[in-house]
Each structure stands twice: as structure tokens, then as C-alpha cells.
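For reference, the structure discussed in these notes is given below.
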Amino acid sequence: MTTLFISDLHLDPARPHITALFEAFLRGEARAAQALYILGDLFESWIGDDDDSEIAQRVQAALRDLVQAGVAVAFLHGNRDFLVGAAFAARTGVHLLPDPAPIMLAGEATLLLHGDTLCLGDTVYQQVRRQLRDPAWQAQFLAQPLAARRAFAARARAESQAHTAAAASDIMDVTPAEVLRVMAAQGATRLIHGHTHRPARHPLTLPDGRPGERIVLGDWYEQGSVLRVDGARIELATLAAS
Ligand code: MN
């Protein structure tokens, strides 16, 4: 049985063909999978589980259908949808994971992350992250009306895009020493993450000399990206949008 991994769909009303591709993926190959892991940034933004927008309702319904069909679905937060919470989990049946999340995958100790915590070169972002992940900040944000939260999300998105465009490309990638530190600390030989939108498989050597691998998932801006793991068979594939 296959285990599937996706991330960085950035679902947004501005890209309806990507939402349709995701829905087709959930009705199609995901139905035949044992488990589906969504490693963050499923949504371009998530302003709270009480969001009544059409896309929020549609995606939650599609995930619930997959869970009800018997597929285990797990999610960990990205930097865009870190406010996905308990009501979302209860409504969809999706299991919320911590970041990092250690799992055994085909007999190998594997660590799942969104990937933003590995990008230590981006000090501006790491500072913003500390504020956004502060429970007190989140509580005051969620207490605001939906319209005010939508306006904040639009501003934050514009600032994030400007920052990404201005920052040097290497600081937006993972810090290699941090990858090795996290893998060694967790005793993992394989690491799977998204966030950087640079899909690839990177063989590496762990501090204790053992071989390891870091697998990076791709984004769903123009197409889909999925990692399929079935025993020793590992495939990082692109899904064409119609
Ligand atoms: Mn991200």
C-alpha cells in the first residue's frame, strides 16, 4: 500500500484549477492509498476554523470524504496555515501532527516537517514566525471579526511576497547544518519537507557516518507534486493540471 506526501498547495480562490486538481487527486489516487500526509501550506492563508469562505468549506468537505473512505489523513502546519485548529480536525477527521513529526516509514525512521524551521538564514522570517506562533498573539487575532482577519492576511501575504522577492535565494533554502542537527537529534535517517518549493531528493551523510536522505516536496502553483512511498519504491512525481 502506498503512502502519499504533499505540501505547499497554497489553495486560493485565485487558482481554481489547482483546487480542482487537488479534489481530483483526493477522489483518485489518494483513495487507493494507505495514508496521506499534508506537510503544510495546504492553504494560501487560513484565518481561523470559523472561516465561512467557499474554498474553506469545499476543501474540508473533500478531506472528510477521503477520511470517511478509510484513508488516514494527517496534516502539519505551514507558515501560511498555522491557524488550522481543533475544529478543522474534528470536522474533517484529519489528524494534526506536531512539527517535526517522527514516523516509521517502510522500516526507516523518518522525520516530517514543513521546512520553515530549517531555513535559519532567513532571520527576518524566523522573527516573524516567533510572533505568529505565540499563543497570546493567536488568541487576540482569532478574537477579531472575520473581515479584519481577512484584511490582515492580505497584508501579511503582500509583505511575505515582497520579502521573498527581495531576499537572496540561498537564505530562502534550508541550512545544511540544521538539517543534520535535527536528523541526528531525532535519530532519523530520512527527512521529508516542503516550504522551499525546490522538489528534489538529496542523499546525505549523517554525523555518525550513516547514509541518509532529505526529500523536498514541490509546490502546486502551476502543477501538482506528490511523493509516493511503497516499501522501497519511492517516487517524487508531478501532476499535470488540466
Ligand atoms: Mn511554507
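As shown in the C-alpha cells, the chain order sets the letters A, B, ...; within each chain, residues go from 1, and ligands are also counted from 1 in the order they appear.
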Write out as a short mmCIF file (atom, residue, chain, number, x, y, z; two decimals) with C-alpha atoms, in the first residue's frame the residues lying within 8 Å of Glu44 of chain A, counting only C-alpha atoms and excluding same-chain residues fewer than 5 positions away.
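So the final result, stored in selection_3.cif, reads:
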```cif
data_model
loop_
_atom_site.label_atom_id
_atom_site.label_comp_id
_atom_site.auth_asym_id
_atom_site.auth_seq_id
_atom_site.Cartn_x
_atom_site.Cartn_y
_atom_site.Cartn_z
CA LEU A 9 -0.66 23.58 -2.45
CA HIS A 10 -1.33 27.19 -1.44
CA LEU A 11 -5.02 26.69 -2.28
CA ASP A 12 -6.54 30.03 -3.12
CA ARG A 80 0.55 30.15 5.83
CA ASP A 81 -1.96 27.89 7.57
#
```
Name the residues of segment 4-206 of chain A that fall into strand (DSSP E or B) according to DSSP on the backbone, using the chain letters and numbers of this document, as a PyMOL selection string.
chain A and resi 4-6+11+35-38+43+72-75+95-96+101-105+108-112+190-193+200-205
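The smallest atom-to-atom distance between Ile234 of chain A and any of A:Leu206, A:Glu23, A:Gln57, A:Ile192, using only C-alpha atoms, is found for A:Ile192.
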Please identify every residue of chain A that has at least one atom no farther than 10 Å from an atom of ligand 1, counting only C-alpha atoms and all ligand atoms, and for each give the shortest atom pair and the distance in Å to one decimal, arranged by chain then increasing number, as a Markdown table.
```
| residue | atom | partner | partner_atom_place_in_ligand_line | distance |
| --- | --- | --- | --- | --- |
| A:Ser7 | CA | ligand 1 | 1 (Mn) | 8.4 |
| A:Asp8 | CA | ligand 1 | 1 (Mn) | 6.3 |
| A:Leu9 | CA | ligand 1 | 1 (Mn) | 9.6 |
| A:His10 | CA | ligand 1 | 1 (Mn) | 8.7 |
| A:Leu39 | CA | ligand 1 | 1 (Mn) | 9.1 |
| A:Gly40 | CA | ligand 1 | 1 (Mn) | 6.7 |
| A:Asp41 | CA | ligand 1 | 1 (Mn) | 5.5 |
| A:Leu42 | CA | ligand 1 | 1 (Mn) | 9.1 |
| A:Phe43 | CA | ligand 1 | 1 (Mn) | 9.9 |
| A:Glu44 | CA | ligand 1 | 1 (Mn) | 9.2 |
| A:His77 | CA | ligand 1 | 1 (Mn) | 8.8 |
| A:Gly78 | CA | ligand 1 | 1 (Mn) | 5.1 |
| A:Asn79 | CA | ligand 1 | 1 (Mn) | 4.9 |
| A:Arg80 | CA | ligand 1 | 1 (Mn) | 6.3 |
| A:Asp81 | CA | ligand 1 | 1 (Mn) | 8.7 |
| A:Phe82 | CA | ligand 1 | 1 (Mn) | 9.9 |
| A:His114 | CA | ligand 1 | 1 (Mn) | 6.6 |
| A:Gly115 | CA | ligand 1 | 1 (Mn) | 7.1 |
| A:Asp116 | CA | ligand 1 | 1 (Mn) | 6.2 |
| A:Thr117 | CA | ligand 1 | 1 (Mn) | 9.8 |
| A:His193 | CA | ligand 1 | 1 (Mn) | 9.7 |
| A:Gly194 | CA | ligand 1 | 1 (Mn) | 6.9 |
| A:His195 | CA | ligand 1 | 1 (Mn) | 3.7 |
| A:Thr196 | CA | ligand 1 | 1 (Mn) | 6.8 |
| A:His197 | CA | ligand 1 | 1 (Mn) | 8.2 |
| A:Asp219 | CA | ligand 1 | 1 (Mn) | 9.3 |
```
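If you measure from each of A:Glu29, A:Asp99, A:Asp170, A:Asp134 to Gln186 of chain A using only C-alpha atoms, the closest one turns out to be A:Asp99.
Distances from A:Leu191, A:Ile171, A:Ala69, A:Ala90 to Thr110 of chain A were compared using only C-alpha atoms, and the smallest one belongs to A:Leu191.
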Please extract the residues of segment 119-177 of chain A with a backbone DSSP assignment of helix (DSSP H, G or I) and present them as a VMD selection string.
chain A and resid 123 to 132 135 to 142 146 to 166 169 to 172 176 to 177
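Of the residues listed (A:Ala147, A:Leu217, A:Ala74, A:Met172), A:Ala74 shows the shortest atom-to-atom separation from Ile103 of chain A; distances use only C-alpha atoms.
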Residues at most 8 Å from segment 177-180 of chain A, counting only C-alpha atoms, excluding those fewer than 6 positions away in the same chain, as a PDB file with all heavy atoms, in the first residue's frame?
```pdb
ATOM      1  N   LEU A 118      13.882  24.944   9.187  1.00  0.00           N
ATOM      2  CA  LEU A 118      15.229  24.574   8.748  1.00  0.00           C
ATOM      3  C   LEU A 118      15.941  25.727   8.050  1.00  0.00           C
ATOM      4  O   LEU A 118      17.139  25.654   7.790  1.00  0.00           O
ATOM      5  CB  LEU A 118      15.158  23.387   7.770  1.00  0.00           C
ATOM      6  CG  LEU A 118      14.528  22.097   8.296  1.00  0.00           C
ATOM      7  CD1 LEU A 118      14.332  21.105   7.150  1.00  0.00           C
ATOM      8  CD2 LEU A 118      15.387  21.487   9.388  1.00  0.00           C
ATOM      9  N   LEU A 120      17.301  28.722   8.629  1.00  0.00           N
ATOM     10  CA  LEU A 120      17.764  29.644   9.669  1.00  0.00           C
ATOM     11  C   LEU A 120      18.414  30.898   9.096  1.00  0.00           C
ATOM     12  O   LEU A 120      18.559  31.894   9.797  1.00  0.00           O
ATOM     13  CB  LEU A 120      18.749  28.925  10.596  1.00  0.00           C
ATOM     14  CG  LEU A 120      18.157  27.736  11.363  1.00  0.00           C
ATOM     15  CD1 LEU A 120      19.191  27.167  12.316  1.00  0.00           C
ATOM     16  CD2 LEU A 120      16.902  28.141  12.120  1.00  0.00           C
ATOM     17  N   LEU A 206      24.938  11.293   7.502  1.00  0.00           N
ATOM     18  CA  LEU A 206      24.623  11.742   8.846  1.00  0.00           C
ATOM     19  C   LEU A 206      25.903  11.913   9.664  1.00  0.00           C
ATOM     20  O   LEU A 206      26.945  11.353   9.314  1.00  0.00           O
ATOM     21  CB  LEU A 206      23.690  10.725   9.505  1.00  0.00           C
ATOM     22  CG  LEU A 206      22.316  10.687   8.826  1.00  0.00           C
ATOM     23  CD1 LEU A 206      21.575   9.409   9.165  1.00  0.00           C
ATOM     24  CD2 LEU A 206      21.512  11.900   9.237  1.00  0.00           C
ATOM     25  N   PRO A 207      25.842  12.701  10.767  1.00  0.00           N
ATOM     26  CA  PRO A 207      27.043  12.930  11.598  1.00  0.00           C
ATOM     27  C   PRO A 207      27.705  11.625  12.059  1.00  0.00           C
ATOM     28  O   PRO A 207      28.926  11.574  12.206  1.00  0.00           O
ATOM     29  CB  PRO A 207      26.498  13.723  12.792  1.00  0.00           C
ATOM     30  CG  PRO A 207      25.298  14.446  12.245  1.00  0.00           C
ATOM     31  CD  PRO A 207      24.698  13.512  11.229  1.00  0.00           C
TER      32      PRO A 207
END
```
Test item: residues at most 10 Å from Val67 of chain A, only C-alpha atoms, excluding those fewer than 2 positions along its chain, as a PDB file with N, CA and C atoms, in the first residue's frame:
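Output saved as out11.pdb:
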```
ATOM      1  N   LEU A  26      -7.750  13.796  -4.550  1.00  0.00           N
ATOM      2  CA  LEU A  26      -8.366  13.169  -3.369  1.00  0.00           C
ATOM      3  C   LEU A  26      -9.358  12.083  -3.777  1.00  0.00           C
ATOM      4  N   ARG A  31      -7.511   7.843  -2.816  1.00  0.00           N
ATOM      5  CA  ARG A  31      -8.484   6.847  -2.323  1.00  0.00           C
ATOM      6  C   ARG A  31      -7.868   5.464  -2.178  1.00  0.00           C
ATOM      7  N   ALA A  35      -2.318   6.057   3.457  1.00  0.00           N
ATOM      8  CA  ALA A  35      -2.287   7.294   4.245  1.00  0.00           C
ATOM      9  C   ALA A  35      -1.862   8.446   3.356  1.00  0.00           C
ATOM     10  N   LEU A  36      -2.347   9.643   3.726  1.00  0.00           N
ATOM     11  CA  LEU A  36      -1.954  10.873   3.043  1.00  0.00           C
ATOM     12  C   LEU A  36      -1.443  11.848   4.100  1.00  0.00           C
ATOM     13  N   ALA A  61     -14.752  19.586   3.076  1.00  0.00           N
ATOM     14  CA  ALA A  61     -15.680  18.514   2.668  1.00  0.00           C
ATOM     15  C   ALA A  61     -14.933  17.417   1.906  1.00  0.00           C
ATOM     16  N   ALA A  62     -13.998  17.829   1.028  1.00  0.00           N
ATOM     17  CA  ALA A  62     -13.250  16.847   0.226  1.00  0.00           C
ATOM     18  C   ALA A  62     -12.346  15.993   1.116  1.00  0.00           C
ATOM     19  N   LEU A  63     -11.742  16.611   2.137  1.00  0.00           N
ATOM     20  CA  LEU A  63     -10.890  15.858   3.061  1.00  0.00           C
ATOM     21  C   LEU A  63     -11.728  14.895   3.901  1.00  0.00           C
ATOM     22  N   ARG A  64     -12.907  15.363   4.330  1.00  0.00           N
ATOM     23  CA  ARG A  64     -13.786  14.497   5.133  1.00  0.00           C
ATOM     24  C   ARG A  64     -14.202  13.268   4.316  1.00  0.00           C
ATOM     25  N   ASP A  65     -14.512  13.459   3.037  1.00  0.00           N
ATOM     26  CA  ASP A  65     -14.886  12.332   2.174  1.00  0.00           C
ATOM     27  C   ASP A  65     -13.765  11.288   2.118  1.00  0.00           C
ATOM     28  N   ALA A  69     -13.719   7.473   3.551  1.00  0.00           N
ATOM     29  CA  ALA A  69     -13.444   6.335   2.666  1.00  0.00           C
ATOM     30  C   ALA A  69     -12.394   5.398   3.271  1.00  0.00           C
ATOM     31  N   GLY A  70     -11.841   5.770   4.453  1.00  0.00           N
ATOM     32  CA  GLY A  70     -10.939   4.868   5.162  1.00  0.00           C
ATOM     33  C   GLY A  70      -9.463   5.196   5.039  1.00  0.00           C
ATOM     34  N   VAL A  71      -9.137   6.349   4.456  1.00  0.00           N
ATOM     35  CA  VAL A  71      -7.731   6.738   4.310  1.00  0.00           C
ATOM     36  C   VAL A  71      -7.325   7.603   5.511  1.00  0.00           C
ATOM     37  N   ALA A  72      -6.211   7.265   6.143  1.00  0.00           N
ATOM     38  CA  ALA A  72      -5.698   8.070   7.256  1.00  0.00           C
ATOM     39  C   ALA A  72      -5.082   9.343   6.679  1.00  0.00           C
ATOM     40  N   VAL A  73      -5.546  10.500   7.135  1.00  0.00           N
ATOM     41  CA  VAL A  73      -5.024  11.770   6.632  1.00  0.00           C
ATOM     42  C   VAL A  73      -4.450  12.567   7.801  1.00  0.00           C
ATOM     43  N   ALA A  74      -3.216  13.022   7.640  1.00  0.00           N
ATOM     44  CA  ALA A  74      -2.556  13.800   8.683  1.00  0.00           C
ATOM     45  C   ALA A  74      -2.051  15.111   8.091  1.00  0.00           C
ATOM     46  N   THR A  92     -13.114  17.393   9.791  1.00  0.00           N
ATOM     47  CA  THR A  92     -12.606  16.630   8.648  1.00  0.00           C
ATOM     48  C   THR A  92     -12.165  15.214   9.025  1.00  0.00           C
ATOM     49  N   GLY A  93     -11.814  15.000  10.297  1.00  0.00           N
ATOM     50  CA  GLY A  93     -11.220  13.717  10.680  1.00  0.00           C
ATOM     51  C   GLY A  93      -9.734  13.659  10.388  1.00  0.00           C
ATOM     52  N   VAL A  94      -9.160  14.790   9.979  1.00  0.00           N
ATOM     53  CA  VAL A  94      -7.718  14.858   9.713  1.00  0.00           C
ATOM     54  C   VAL A  94      -6.981  14.961  11.047  1.00  0.00           C
ATOM     55  N   HIS A  95      -5.893  14.210  11.169  1.00  0.00           N
ATOM     56  CA  HIS A  95      -5.103  14.182  12.394  1.00  0.00           C
ATOM     57  C   HIS A  95      -4.048  15.282  12.340  1.00  0.00           C
TER      58      HIS A  95
END
```
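You will find atom CA of Val174 of chain A at 7.8 Å from atom CA of Gly121 of chain A.
Look at Pro98 of chain A: the protein and nucleic acid residues within 10 Å of it, using only C-alpha atoms and passing over chain neighbours fewer than 2 places away, are Phe75, Leu76, His77, Leu96, Pro100, Ala101, Pro102, Leu112 and Leu113 of chain A.
The nearest approach to Ser45 of chain A among the residues A:Ala32, A:Ile18, A:Val59, A:Ala156, with only C-alpha atoms taken into account, belongs to A:Ala156.
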List the spatial neighbours of segment 213-215 of chain A as a ChimeraX atom specification - criterion: any atom at most 7 Å away, only C-alpha atoms, same-chain residues fewer than 5 positions off excluded.
/A:189-193,200-204
Store the residues of this selection in a file with C-alpha atoms, as a CSV table (one decimal), in the first residue's frame.
```
chain,number,residue,atom,x,y,z
A,189,THR,CA,17.7,8.7,8.5
A,190,ARG,CA,15.1,10.2,6.2
A,191,LEU,CA,13.6,13.7,6.3
A,192,ILE,CA,10.6,14.9,4.2
A,193,HIS,CA,9.6,18.5,4.0
A,200,ALA,CA,14.4,17.1,-5.1
A,201,ARG,CA,15.9,14.0,-3.4
A,202,HIS,CA,19.2,14.8,-1.7
A,203,PRO,CA,21.3,11.9,-0.5
A,204,LEU,CA,23.4,12.9,2.6
```
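Relative to atom CA of Ala188 of chain A, atom CA of Gly212 of chain A is found at 8.2 Å.
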Enter the distance from atom CA of Leu4 of chain A to atom CA of Thr175 of chain A, in Å, rounded to one decimal.
25.6 Å
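Omitting Ala106 of chain A and its sequence neighbours fewer than 4 positions away, and counting only C-alpha atoms, the residues within 8 Å are Val229, Asp230, Gly231 and Ala232 of chain A.
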